[in-house]
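So this block is run_24.tsv, TSV, C-alpha atoms and all ligand atoms:
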```
chain	number	residue	atom	x	y	z
A	29	MET	CA	1.26	-32.03	-21.64
A	30	THR	CA	0.48	-35.73	-21.91
A	31	LEU	CA	-1.34	-37.79	-19.30
A	32	ALA	CA	1.97	-39.35	-18.30
A	33	ALA	CA	3.30	-35.85	-17.60
A	34	VAL	CA	0.47	-34.89	-15.22
A	35	GLU	CA	2.05	-34.56	-11.79
A	36	GLY	CA	0.69	-35.27	-8.34
A	37	GLN	CA	-2.49	-37.11	-9.39
A	38	PRO	CA	-1.34	-40.70	-9.92
A	39	ARG	CA	-4.72	-42.29	-9.09
A	40	ALA	CA	-6.73	-40.14	-11.47
A	41	VAL	CA	-4.19	-40.56	-14.26
A	42	GLU	CA	-4.02	-44.31	-13.78
A	43	SER	CA	-7.79	-44.76	-13.93
A	44	LEU	CA	-8.00	-42.74	-17.16
A	45	SER	CA	-5.00	-44.51	-18.69
A	46	ALA	CA	-6.55	-47.88	-17.84
A	47	ALA	CA	-9.78	-46.87	-19.61
A	48	LEU	CA	-7.78	-45.74	-22.65
A	49	ARG	CA	-5.73	-48.95	-22.73
A	50	SER	CA	-8.75	-51.20	-22.49
A	51	GLY	CA	-10.72	-49.09	-24.98
A	52	GLN	CA	-13.63	-49.23	-22.55
A	53	LEU	CA	-14.46	-45.58	-22.36
A	54	HIS	CA	-17.36	-44.21	-20.44
A	55	HIS	CA	-19.45	-41.57	-22.19
A	56	ALA	CA	-19.12	-39.15	-19.28
A	57	TYR	CA	-16.52	-38.48	-16.60
A	58	LEU	CA	-16.80	-36.35	-13.51
A	59	PHE	CA	-13.44	-34.99	-12.35
A	60	GLY	CA	-14.05	-33.97	-8.73
A	61	GLY	CA	-11.55	-32.27	-6.43
A	62	PRO	CA	-10.35	-28.93	-5.10
A	63	GLU	CA	-9.66	-25.91	-7.28
A	64	GLY	CA	-6.15	-25.67	-8.71
A	65	VAL	CA	-5.00	-29.30	-8.45
A	66	GLY	CA	-4.84	-30.11	-12.16
A	67	LYS	CA	-8.35	-31.22	-13.21
A	68	GLU	CA	-8.35	-29.06	-16.31
A	69	ARG	CA	-4.82	-29.98	-17.34
A	70	THR	CA	-5.74	-33.61	-16.97
A	71	ALA	CA	-8.88	-33.09	-19.07
A	72	GLU	CA	-6.71	-31.51	-21.75
A	73	ALA	CA	-4.26	-34.43	-21.66
A	74	PHE	CA	-7.16	-36.90	-21.75
A	75	ALA	CA	-8.59	-35.12	-24.82
A	76	GLN	CA	-5.18	-35.31	-26.47
A	77	ALA	CA	-4.93	-39.02	-25.75
A	78	LEU	CA	-8.35	-39.47	-27.35
A	79	LEU	CA	-7.60	-37.41	-30.46
A	80	CYS	CA	-3.83	-37.78	-30.97
A	81	LEU	CA	-2.72	-38.69	-34.49
A	82	GLU	CA	0.75	-39.92	-33.51
A	83	ARG	CA	0.15	-41.91	-30.36
A	84	PRO	CA	-3.56	-42.62	-30.11
A	85	GLY	CA	-4.63	-43.59	-26.62
A	86	GLU	CA	-1.64	-41.84	-25.03
A	87	GLY	CA	-1.19	-38.45	-26.65
A	88	CYS	CA	2.12	-37.10	-27.89
A	89	GLY	CA	1.54	-33.47	-26.93
A	90	SER	CA	3.00	-32.16	-30.18
A	91	CYS	CA	1.12	-33.41	-33.26
A	92	ALA	CA	-1.40	-31.15	-35.00
A	93	ALA	CA	-4.33	-32.58	-33.03
A	94	CYS	CA	-2.57	-32.37	-29.65
A	95	SER	CA	-1.44	-28.80	-30.33
A	96	ARG	CA	-4.92	-27.71	-31.25
A	97	VAL	CA	-6.36	-29.28	-28.13
A	98	ALA	CA	-3.77	-27.37	-26.08
A	99	ARG	CA	-4.61	-24.12	-27.89
A	100	ARG	CA	-8.29	-24.77	-27.27
A	101	ASN	CA	-9.14	-24.68	-30.96
A	102	HIS	CA	-9.60	-28.30	-31.95
A	103	PRO	CA	-12.92	-28.35	-33.83
A	104	ASP	CA	-14.06	-31.55	-32.11
A	105	VAL	CA	-13.45	-30.36	-28.55
A	106	THR	CA	-16.01	-27.99	-27.06
A	107	TRP	CA	-15.07	-26.18	-23.87
A	108	LEU	CA	-17.97	-24.91	-21.84
A	109	MET	CA	-17.48	-22.41	-19.02
A	110	PRO	CA	-19.41	-19.62	-17.31
A	111	GLU	CA	-19.22	-16.28	-19.16
A	112	ALA	CA	-17.45	-14.67	-16.23
A	113	VAL	CA	-14.72	-17.32	-16.33
A	114	ALA	CA	-14.27	-16.81	-20.09
A	115	VAL	CA	-13.86	-13.06	-19.45
A	116	GLU	CA	-11.37	-13.64	-16.61
A	117	ARG	CA	-9.30	-15.81	-18.93
A	118	GLY	CA	-9.37	-13.30	-21.73
A	119	LEU	CA	-11.28	-15.73	-24.00
A	120	ALA	CA	-14.18	-13.31	-24.29
A	121	GLY	CA	-14.78	-9.62	-23.71
A	122	ARG	CA	-17.41	-8.09	-21.46
A	123	SER	CA	-19.04	-6.59	-24.54
A	124	ASP	CA	-19.64	-10.10	-25.93
A	125	PHE	CA	-22.48	-10.49	-23.46
A	126	THR	CA	-25.62	-8.54	-22.81
A	127	GLY	CA	-25.50	-7.46	-19.18
A	128	THR	CA	-22.97	-8.63	-16.60
A	129	PRO	CA	-21.15	-11.85	-17.61
A	130	SER	CA	-22.82	-14.66	-15.69
A	131	ARG	CA	-21.10	-16.81	-13.05
A	132	GLU	CA	-23.57	-19.58	-13.83
A	133	LEU	CA	-23.57	-21.97	-16.75
A	134	LYS	CA	-26.83	-21.24	-18.46
A	135	VAL	CA	-29.32	-23.45	-20.21
A	136	GLU	CA	-28.71	-21.67	-23.54
A	137	GLN	CA	-25.06	-22.70	-23.32
A	138	VAL	CA	-26.06	-26.31	-22.71
A	139	ARG	CA	-28.46	-26.18	-25.67
A	140	ALA	CA	-25.74	-24.82	-27.96
A	141	LEU	CA	-23.45	-27.62	-26.79
A	142	GLN	CA	-26.15	-30.20	-27.48
A	143	GLU	CA	-26.51	-28.87	-30.98
A	144	ARG	CA	-22.81	-29.31	-31.64
A	145	LEU	CA	-22.76	-32.77	-30.14
A	146	SER	CA	-25.61	-33.83	-32.42
A	147	LEU	CA	-23.34	-33.31	-35.44
A	148	ARG	CA	-20.66	-35.71	-36.65
A	149	PRO	CA	-17.07	-35.09	-35.60
A	150	LEU	CA	-15.27	-32.85	-38.09
A	151	GLU	CA	-11.79	-34.35	-38.03
A	152	ALA	CA	-11.33	-36.85	-35.28
A	153	PRO	CA	-13.06	-40.18	-34.81
A	154	ARG	CA	-14.93	-38.73	-31.83
A	155	LYS	CA	-15.91	-35.46	-30.22
A	156	LEU	CA	-15.45	-34.18	-26.72
A	157	ALA	CA	-17.21	-31.76	-24.43
A	158	ILE	CA	-15.30	-30.40	-21.44
A	159	VAL	CA	-17.38	-28.52	-18.89
A	160	VAL	CA	-15.25	-26.22	-16.74
A	161	ALA	CA	-16.73	-25.40	-13.31
A	162	ALA	CA	-19.61	-27.81	-13.86
A	163	GLU	CA	-20.90	-27.00	-10.38
A	164	SER	CA	-21.97	-23.64	-11.82
A	165	LEU	CA	-24.59	-25.26	-14.06
A	166	ASN	CA	-27.82	-23.75	-12.76
A	167	THR	CA	-30.81	-26.01	-12.12
A	168	GLN	CA	-32.37	-25.49	-15.52
A	169	ALA	CA	-29.02	-26.11	-17.22
A	170	GLN	CA	-28.44	-29.26	-15.15
A	171	ASN	CA	-31.82	-30.63	-16.17
A	172	ALA	CA	-31.04	-29.94	-19.82
A	173	PHE	CA	-27.60	-31.53	-19.46
A	174	LEU	CA	-29.12	-34.57	-17.83
A	175	LYS	CA	-30.95	-35.38	-21.07
A	176	THR	CA	-27.60	-35.56	-22.91
A	177	LEU	CA	-26.23	-37.87	-20.25
A	178	GLU	CA	-29.28	-40.09	-20.45
A	179	GLU	CA	-29.12	-40.36	-24.22
A	180	PRO	CA	-25.51	-39.64	-25.09
A	181	PRO	CA	-24.85	-38.85	-28.75
A	182	PRO	CA	-22.63	-41.46	-30.46
A	183	ASP	CA	-18.84	-41.05	-30.50
A	184	THR	CA	-18.96	-38.51	-27.71
A	185	VAL	CA	-16.99	-38.24	-24.48
A	186	MET	CA	-18.04	-35.65	-21.92
A	187	VAL	CA	-15.83	-34.49	-19.07
A	188	LEU	CA	-17.28	-32.46	-16.20
A	189	LEU	CA	-14.82	-30.64	-13.94
A	190	ALA	CA	-16.17	-29.77	-10.52
A	191	SER	CA	-14.61	-28.43	-7.33
A	192	ALA	CA	-17.95	-28.94	-5.55
A	193	PRO	CA	-19.44	-32.03	-7.23
A	194	ASP	CA	-22.12	-32.30	-4.53
A	195	ARG	CA	-23.77	-29.23	-6.05
A	196	LEU	CA	-24.65	-31.35	-9.07
A	197	LEU	CA	-27.89	-33.31	-9.17
A	198	PRO	CA	-27.45	-36.88	-7.90
A	199	THR	CA	-28.89	-38.04	-11.23
A	200	ILE	CA	-26.04	-36.29	-13.06
A	201	ARG	CA	-23.39	-37.66	-10.74
A	202	SER	CA	-24.68	-41.21	-11.00
A	203	ARG	CA	-24.41	-41.15	-14.79
A	204	CYS	CA	-20.75	-40.17	-14.77
A	205	SER	CA	-17.69	-42.25	-14.12
A	206	LYS	CA	-16.05	-40.49	-11.15
A	207	VAL	CA	-12.40	-39.56	-11.12
A	208	HIS	CA	-11.16	-38.23	-7.82
A	209	PHE	CA	-8.51	-35.51	-7.62
A	210	GLY	CA	-6.87	-34.95	-4.24
A	211	PRO	CA	-4.73	-32.08	-2.96
A	212	LEU	CA	-1.26	-32.00	-4.53
A	213	PRO	CA	1.76	-32.96	-2.40
A	214	THR	CA	3.18	-29.95	-0.54
A	215	ALA	CA	6.68	-30.56	-1.92
A	216	LEU	CA	5.39	-30.41	-5.50
A	217	VAL	CA	3.39	-27.20	-4.95
A	218	SER	CA	6.32	-25.65	-3.13
A	219	GLU	CA	8.76	-26.47	-5.94
A	220	ARG	CA	6.43	-25.19	-8.66
A	221	VAL	CA	5.54	-22.00	-6.81
A	222	ALA	CA	9.21	-21.29	-6.05
A	223	GLN	CA	10.00	-21.62	-9.77
A	224	ALA	CA	7.05	-19.65	-11.03
A	225	ARG	CA	7.25	-16.79	-8.54
A	226	GLY	CA	10.92	-16.73	-7.73
A	227	LEU	CA	10.37	-17.33	-4.00
A	228	ASP	CA	12.99	-18.58	-1.58
A	229	ALA	CA	12.54	-22.18	-0.43
A	230	SER	CA	11.06	-21.47	3.00
A	231	THR	CA	8.57	-18.86	1.78
A	232	ALA	CA	7.54	-21.20	-1.06
A	233	HIS	CA	7.04	-23.99	1.44
A	234	MET	CA	4.91	-21.73	3.62
A	235	VAL	CA	2.78	-20.71	0.62
A	236	ALA	CA	2.36	-24.37	-0.32
A	237	VAL	CA	1.17	-25.27	3.18
A	238	MET	CA	-1.27	-22.34	3.24
A	239	ALA	CA	-2.59	-23.30	-0.19
A	240	ALA	CA	-3.45	-26.78	1.15
A	241	GLY	CA	-2.33	-28.66	-1.96
A	242	SER	CA	-3.78	-26.28	-4.54
A	243	LEU	CA	-1.15	-25.04	-6.98
A	244	GLY	CA	-3.73	-22.65	-8.42
A	245	ARG	CA	-4.23	-21.01	-5.04
A	246	ALA	CA	-0.47	-20.97	-4.35
A	247	LEU	CA	0.19	-19.17	-7.63
A	248	GLU	CA	-2.42	-16.52	-6.89
A	249	MET	CA	-1.69	-16.04	-3.21
A	250	ASP	CA	-0.60	-12.62	-2.07
A	251	VAL	CA	2.91	-13.20	-0.74
A	252	LYS	CA	3.68	-9.66	0.37
A	253	GLY	CA	2.35	-10.44	3.82
A	254	LEU	CA	4.64	-13.44	4.05
A	255	ALA	CA	7.82	-11.53	3.37
A	256	ARG	CA	8.11	-10.44	7.00
A	257	ARG	CA	6.77	-13.77	8.25
A	258	ALA	CA	9.84	-14.76	10.30
A	259	GLU	CA	10.19	-11.30	11.83
A	260	LEU	CA	6.49	-11.20	12.65
A	261	ILE	CA	6.64	-14.54	14.45
A	262	ARG	CA	9.79	-13.69	16.41
A	263	ARG	CA	8.30	-10.36	17.50
A	264	PHE	CA	5.03	-12.04	18.45
A	265	GLU	CA	6.84	-14.48	20.71
A	266	GLU	CA	8.91	-11.67	22.26
A	267	VAL	CA	5.93	-9.54	23.25
A	268	GLY	CA	5.73	-11.35	26.59
A	269	SER	CA	4.15	-9.14	29.22
A	270	GLU	CA	5.55	-5.84	28.06
A	271	THR	CA	2.73	-3.49	27.20
A	272	ARG	CA	5.03	-1.25	25.20
A	273	ARG	CA	6.05	-4.08	22.89
A	274	LEU	CA	2.47	-5.22	22.63
A	275	LEU	CA	1.26	-1.83	21.47
A	276	ARG	CA	4.08	-1.47	18.99
A	277	PHE	CA	3.39	-4.91	17.53
A	278	ALA	CA	-0.30	-4.10	17.03
A	279	GLU	CA	0.50	-0.75	15.50
A	280	GLU	CA	3.03	-2.16	13.10
A	281	PHE	CA	1.17	-5.25	11.93
A	282	GLY	CA	-2.36	-3.90	12.22
A	283	GLY	CA	-1.86	-0.87	9.97
A	284	SER	CA	-4.53	-2.02	7.55
A	285	ARG	CA	-7.15	-4.72	7.32
A	286	GLN	CA	-5.03	-6.68	4.84
A	287	ASP	CA	-1.89	-6.43	6.99
A	288	ALA	CA	-3.76	-7.71	10.02
A	289	GLU	CA	-5.38	-10.55	8.08
A	290	ASP	CA	-1.99	-11.61	6.70
A	291	ALA	CA	-0.43	-11.39	10.16
A	292	LEU	CA	-3.20	-13.46	11.74
A	293	ALA	CA	-2.99	-16.08	8.99
A	294	VAL	CA	0.74	-16.37	9.64
A	295	LEU	CA	0.20	-16.61	13.40
A	296	GLN	CA	-2.47	-19.26	12.93
A	297	LEU	CA	-0.06	-21.44	10.94
A	298	TRP	CA	2.65	-20.70	13.45
A	299	THR	CA	0.40	-21.94	16.27
A	300	ARG	CA	-0.14	-25.13	14.27
A	301	ASP	CA	3.64	-25.47	13.93
A	302	VAL	CA	4.12	-25.11	17.68
A	303	ALA	CA	1.43	-27.76	18.25
A	304	LEU	CA	3.23	-30.08	15.83
A	305	ALA	CA	6.55	-29.42	17.58
A	306	LYS	CA	4.87	-30.20	20.91
A	307	VAL	CA	4.16	-33.76	19.81
A	308	GLY	CA	7.41	-34.07	17.88
A	309	ALA	CA	5.67	-34.29	14.51
A	310	GLU	CA	7.13	-33.37	11.13
A	311	GLY	CA	5.62	-31.10	8.50
A	312	LEU	CA	6.16	-27.62	9.96
A	313	ALA	CA	5.06	-24.79	7.68
A	314	ASN	CA	7.84	-22.52	8.94
A	315	THR	CA	10.73	-24.90	8.35
A	316	ASP	CA	13.25	-22.18	9.11
A	317	LEU	CA	11.80	-21.57	12.58
A	318	ALA	CA	11.82	-25.17	13.81
A	319	GLU	CA	14.12	-24.31	16.72
A	320	LEU	CA	11.86	-21.51	17.96
A	321	ALA	CA	8.79	-23.74	17.54
A	322	ARG	CA	10.38	-26.31	19.86
A	323	GLU	CA	11.29	-23.64	22.44
A	324	VAL	CA	7.76	-22.23	22.48
A	325	ALA	CA	6.29	-25.75	22.58
A	326	GLU	CA	8.29	-26.50	25.72
A	327	ARG	CA	6.90	-23.58	27.67
A	328	THR	CA	3.27	-23.95	26.66
A	329	THR	CA	0.53	-26.56	27.01
A	330	GLU	CA	-1.72	-28.13	24.42
A	331	PRO	CA	-4.93	-26.59	25.82
A	332	ALA	CA	-3.22	-23.18	25.75
A	333	LEU	CA	-2.38	-23.71	22.08
A	334	HIS	CA	-5.99	-24.60	21.35
A	335	ARG	CA	-7.14	-21.42	23.04
A	336	ARG	CA	-4.54	-19.41	21.17
A	337	SER	CA	-5.78	-20.81	17.90
A	338	ALA	CA	-9.42	-20.06	18.75
A	339	ARG	CA	-8.56	-16.48	19.75
A	340	ILE	CA	-6.65	-15.88	16.52
A	341	GLU	CA	-9.60	-17.25	14.57
A	342	SER	CA	-12.08	-14.99	16.31
A	343	ALA	CA	-9.86	-11.93	15.77
A	344	LEU	CA	-9.74	-12.84	12.09
A	345	THR	CA	-13.51	-13.24	11.93
A	346	ALA	CA	-14.02	-9.91	13.70
A	347	ILE	CA	-11.86	-8.15	11.14
A	348	THR	CA	-13.22	-9.84	8.03
A	349	THR	CA	-16.90	-10.01	8.87
A	350	ARG	CA	-17.61	-7.41	11.53
A	351	ASN	CA	-15.46	-4.64	10.20
A	352	ALA	CA	-13.60	-4.38	13.53
A	353	SER	CA	-10.49	-2.22	13.84
A	354	PRO	CA	-7.50	-4.35	12.82
A	355	ARG	CA	-5.14	-2.71	15.30
A	356	LEU	CA	-7.50	-3.02	18.24
A	357	GLN	CA	-8.15	-6.67	17.41
A	358	LEU	CA	-4.42	-7.41	17.45
A	359	GLU	CA	-4.07	-5.55	20.77
A	360	ARG	CA	-6.95	-7.45	22.26
A	361	LEU	CA	-5.57	-10.77	21.08
A	362	LEU	CA	-2.17	-10.06	22.63
A	363	VAL	CA	-3.67	-8.85	25.90
A	364	GLU	CA	-5.78	-11.99	26.17
A	365	LEU	CA	-2.79	-14.20	25.45
A	366	MET	CA	-0.69	-12.24	27.94
A	367	GLU	CA	-3.25	-12.70	30.68
A	368	GLU	CA	-3.21	-16.43	30.09
A	369	ARG	CA	0.51	-16.76	30.62
B	401	ZN	ZN	-0.52	-36.04	-30.55
```
Would you mind writing the structure in this file as structure tokens?
Amino acid sequence: MTLAAVEGQPRAVESLSAALRSGQLHHAYLFGGPEGVGKERTAEAFAQALLCLERPGEGCGSCAACSRVARRNHPDVTWLMPEAVAVERGLAGRSDFTGTPSRELKVEQVRALQERLSLRPLEAPRKLAIVVAAESLNTQAQNAFLKTLEEPPPDTVMVLLASAPDRLLPTIRSRCSKVHFGPLPTALVSERVAQARGLDASTAHMVAVMAAGSLGRALEMDVKGLARRAELIRRFEEVGSETRRLLRFAEEFGGSRQDAEDALAVLQLWTRDVALAKVGAEGLANTDLAELAREVAERTTEPALHRRSARIESALTAITTRNASPRLQLERLLVELMEER
């Protein structure tokens, strides 16, 4: 995976490639942007470009140095991550730590890193430190890290990856060259998620829209609830003012907390689709229901759609935070919407 092969982040890749071409490297970079948009892959590709034996400054992805970077065992690249993340990734076992693996990056970890960075590189002309989830550095650890940024060891490049860079001290941020990562294009996420999970095109598109440009989130998302998406939406629109249908809908889709949450998430996106159809905009999440979205848009008003959206949101909040009955919340939502018609 070379820098040139990183998809969907042209600005970030270009700024790093420009630094590599000019040879004017900063000693620290802060990759900021949402979870699951390729910050870590880009850091890996950047490390390869810096250490590659075949195509220095670009990375070939296949020489001994590039392969070791990819396998996370290049002796001159130190990856730092919270213990809990290392356990989740199978890089460490729970028994490796005393007590519960921490979600924070601790000062001891920063000190160990500093010790390694104080030594000469073992193989490559320079050494790298890549800090995964840098926003989890606790205050003490951030203060310790700050010292390294203030007096960077020679031949060292540090890369901090953060999905919430504003949780880092301003003094840390100001000492890093910032590289911004935006959400990935929906079409790219949709294509990748369809491939990886074997989803049909319209479900993959829906997942991509719900994941808001994060491939990571799209790959992890529970898609069971989406399988009956089209049926759910059609039935929702057919409820009309028939109490019998209303009750059956709530019973069927509010069987469990998870079912109701999935259903409400689908209905929320559907409401957004209808609002888009109302103004003739593109970008529907439910591409296969465009016709129905237009029909519903014709018989409803924009304020009504806003209210619908707010009611769906409050039903969702009631279920997730107040432990309300999922079925009763769906019933209530439908009754309220019915009364508005
Ligand atoms: Zn290489």
Find the residues near A:Glu266: any atom within 12 Å, counting all atoms listed in the file, skip ones fewer than 3 places away on the same chain, and give them as a list in words. Glu259, Leu260, Ile261, Arg262, Arg263, Ser269, Glu270, Thr271, Arg272, Arg273, Leu274, Arg276, Phe277, Leu320, Val324, Leu362 and Met366 of chain A
Check your understanding: Which residue out of A:Leu58, A:Leu150, A:Val187, A:Leu31 has the minimum interatomic distance to ligand ZN 401 (chain B) when only C-alpha atoms and all ligand atoms are used?
Key ->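 With only C-alpha atoms and all ligand atoms as the atom set, the closest residue is A:Leu31.
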Note to self: (-15.0, -29.9, -21.3) in this file's frame - what residues fall within 8 Å of it? Use all atoms listed in the file and give the answer as a list in words.
What the structure shows: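 Every polymer residue passing the test: Ala71, Val105, Thr106, Trp107, Leu108, Leu156, Ala157, Ile158, Val159, Val160, Met186, Val187, Leu188 and Leu189 of chain A.
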Worksheet entry | At most 10 Å from ligand ZN 401 (chain B) (only C-alpha atoms and all ligand atoms): residue list as a PyMOL selection string | chain A and resi 29-30+73+75-97
Residues from last step as file, C-alpha atoms, as a PDB file, in the coordinates of the input:
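Ended up saving to part06.pdb:
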```pdb
ATOM      1  CA  MET A  29       1.260 -32.030 -21.640  1.00  0.00           C
ATOM      2  CA  THR A  30       0.480 -35.730 -21.910  1.00  0.00           C
ATOM      3  CA  ALA A  73      -4.260 -34.430 -21.660  1.00  0.00           C
ATOM      4  CA  ALA A  75      -8.590 -35.120 -24.820  1.00  0.00           C
ATOM      5  CA  GLN A  76      -5.180 -35.310 -26.470  1.00  0.00           C
ATOM      6  CA  ALA A  77      -4.930 -39.020 -25.750  1.00  0.00           C
ATOM      7  CA  LEU A  78      -8.350 -39.470 -27.350  1.00  0.00           C
ATOM      8  CA  LEU A  79      -7.600 -37.410 -30.460  1.00  0.00           C
ATOM      9  CA  CYS A  80      -3.830 -37.780 -30.970  1.00  0.00           C
ATOM     10  CA  LEU A  81      -2.720 -38.690 -34.490  1.00  0.00           C
ATOM     11  CA  GLU A  82       0.750 -39.920 -33.510  1.00  0.00           C
ATOM     12  CA  ARG A  83       0.150 -41.910 -30.360  1.00  0.00           C
ATOM     13  CA  PRO A  84      -3.560 -42.620 -30.110  1.00  0.00           C
ATOM     14  CA  GLY A  85      -4.630 -43.590 -26.620  1.00  0.00           C
ATOM     15  CA  GLU A  86      -1.640 -41.840 -25.030  1.00  0.00           C
ATOM     16  CA  GLY A  87      -1.190 -38.450 -26.650  1.00  0.00           C
ATOM     17  CA  CYS A  88       2.120 -37.100 -27.890  1.00  0.00           C
ATOM     18  CA  GLY A  89       1.540 -33.470 -26.930  1.00  0.00           C
ATOM     19  CA  SER A  90       3.000 -32.160 -30.180  1.00  0.00           C
ATOM     20  CA  CYS A  91       1.120 -33.410 -33.260  1.00  0.00           C
ATOM     21  CA  ALA A  92      -1.400 -31.150 -35.000  1.00  0.00           C
ATOM     22  CA  ALA A  93      -4.330 -32.580 -33.030  1.00  0.00           C
ATOM     23  CA  CYS A  94      -2.570 -32.370 -29.650  1.00  0.00           C
ATOM     24  CA  SER A  95      -1.440 -28.800 -30.330  1.00  0.00           C
ATOM     25  CA  ARG A  96      -4.920 -27.710 -31.250  1.00  0.00           C
ATOM     26  CA  VAL A  97      -6.360 -29.280 -28.130  1.00  0.00           C
TER      27      VAL A  97
END
```
**Spatial neighbours of A:Ala222, 10 Å, all atoms listed in the file, chain gap at least 4 places, as a PyMOL selection string** = chain A and resi 216-218+226-233+235-236+246-247
Correct to one decimal, the distance atom CA of A:Leu177-atom CA of A:Leu119 is 27.0 Å
Who sits within 10 Å of A:Ala332, all atoms listed in the file, same chain under 3 positions skipped, as a PDB file with C-alpha atoms, keeping the file's coordinate frame:
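That gives us result.pdb:
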```pdb
ATOM      1  CA  ALA A 303       1.430 -27.760  18.250  1.00  0.00           C
ATOM      2  CA  THR A 328       3.270 -23.950  26.660  1.00  0.00           C
ATOM      3  CA  THR A 329       0.530 -26.560  27.010  1.00  0.00           C
ATOM      4  CA  ARG A 335      -7.140 -21.420  23.040  1.00  0.00           C
ATOM      5  CA  ARG A 336      -4.540 -19.410  21.170  1.00  0.00           C
ATOM      6  CA  SER A 337      -5.780 -20.810  17.900  1.00  0.00           C
ATOM      7  CA  ALA A 338      -9.420 -20.060  18.750  1.00  0.00           C
ATOM      8  CA  LEU A 365      -2.790 -14.200  25.450  1.00  0.00           C
ATOM      9  CA  GLU A 368      -3.210 -16.430  30.090  1.00  0.00           C
ATOM     10  CA  ARG A 369       0.510 -16.760  30.620  1.00  0.00           C
TER      11      ARG A 369
END
```
One residue among A:Arg69, A:His54, A:His102, A:Arg49 is nearest to A:Phe209 when using all atoms listed in the file, and that residue is A:Arg69
What's the 9 Å shell around A:Lys206, counting all atoms listed in the file, without same-chain residues fewer than 3 positions away, as a list in words? Ala56, Tyr57, Leu58, Phe59, Gly60, Arg201 and Ser202 of chain A
Taken to one decimal, the atom CA of A:Ala278-atom CA of A:Arg300 distance is 21.2 Å
Can you put N, CA and C atoms back into stretch 268-283 of chain A and show it as a CSV table (one decimal), in the frame of the given file?
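So result.csv came out as:
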```
chain,number,residue,atom,x,y,z
A,268,GLY,N,5.7,-11.0,25.2
A,268,GLY,CA,5.7,-11.4,26.6
A,268,GLY,C,4.7,-10.5,27.3
A,269,SER,N,5.1,-9.9,28.5
A,269,SER,CA,4.2,-9.1,29.2
A,269,SER,C,4.5,-7.7,29.2
A,270,GLU,N,5.2,-7.3,28.2
A,270,GLU,CA,5.6,-5.8,28.1
A,270,GLU,C,4.5,-5.1,27.2
A,271,THR,N,3.8,-4.2,27.9
A,271,THR,CA,2.7,-3.5,27.2
A,271,THR,C,3.3,-2.6,26.0
A,272,ARG,N,4.5,-2.1,26.2
A,272,ARG,CA,5.0,-1.2,25.2
A,272,ARG,C,5.3,-2.0,23.9
A,273,ARG,N,5.8,-3.2,24.1
A,273,ARG,CA,6.0,-4.1,22.9
A,273,ARG,C,4.7,-4.5,22.2
A,274,LEU,N,3.8,-4.8,23.1
A,274,LEU,CA,2.5,-5.2,22.6
A,274,LEU,C,1.8,-4.2,21.7
A,275,LEU,N,1.9,-2.9,22.2
A,275,LEU,CA,1.3,-1.8,21.5
A,275,LEU,C,2.0,-1.6,20.2
A,276,ARG,N,3.3,-1.7,20.2
A,276,ARG,CA,4.1,-1.5,19.0
A,276,ARG,C,3.8,-2.6,18.0
A,277,PHE,N,3.7,-3.8,18.4
A,277,PHE,CA,3.4,-4.9,17.5
A,277,PHE,C,2.1,-4.7,16.8
A,278,ALA,N,1.0,-4.3,17.6
A,278,ALA,CA,-0.3,-4.1,17.0
A,278,ALA,C,-0.3,-2.9,16.0
A,279,GLU,N,0.5,-1.9,16.4
A,279,GLU,CA,0.5,-0.8,15.5
A,279,GLU,C,1.2,-1.1,14.2
A,280,GLU,N,2.3,-1.8,14.3
A,280,GLU,CA,3.0,-2.2,13.1
A,280,GLU,C,2.4,-3.2,12.2
A,281,PHE,N,1.7,-4.2,12.8
A,281,PHE,CA,1.2,-5.2,11.9
A,281,PHE,C,-0.3,-5.1,11.7
A,282,GLY,N,-0.9,-4.1,12.4
A,282,GLY,CA,-2.4,-3.9,12.2
A,282,GLY,C,-2.7,-2.6,11.5
A,283,GLY,N,-1.7,-2.1,10.7
A,283,GLY,CA,-1.9,-0.9,10.0
A,283,GLY,C,-3.1,-0.8,9.0
```
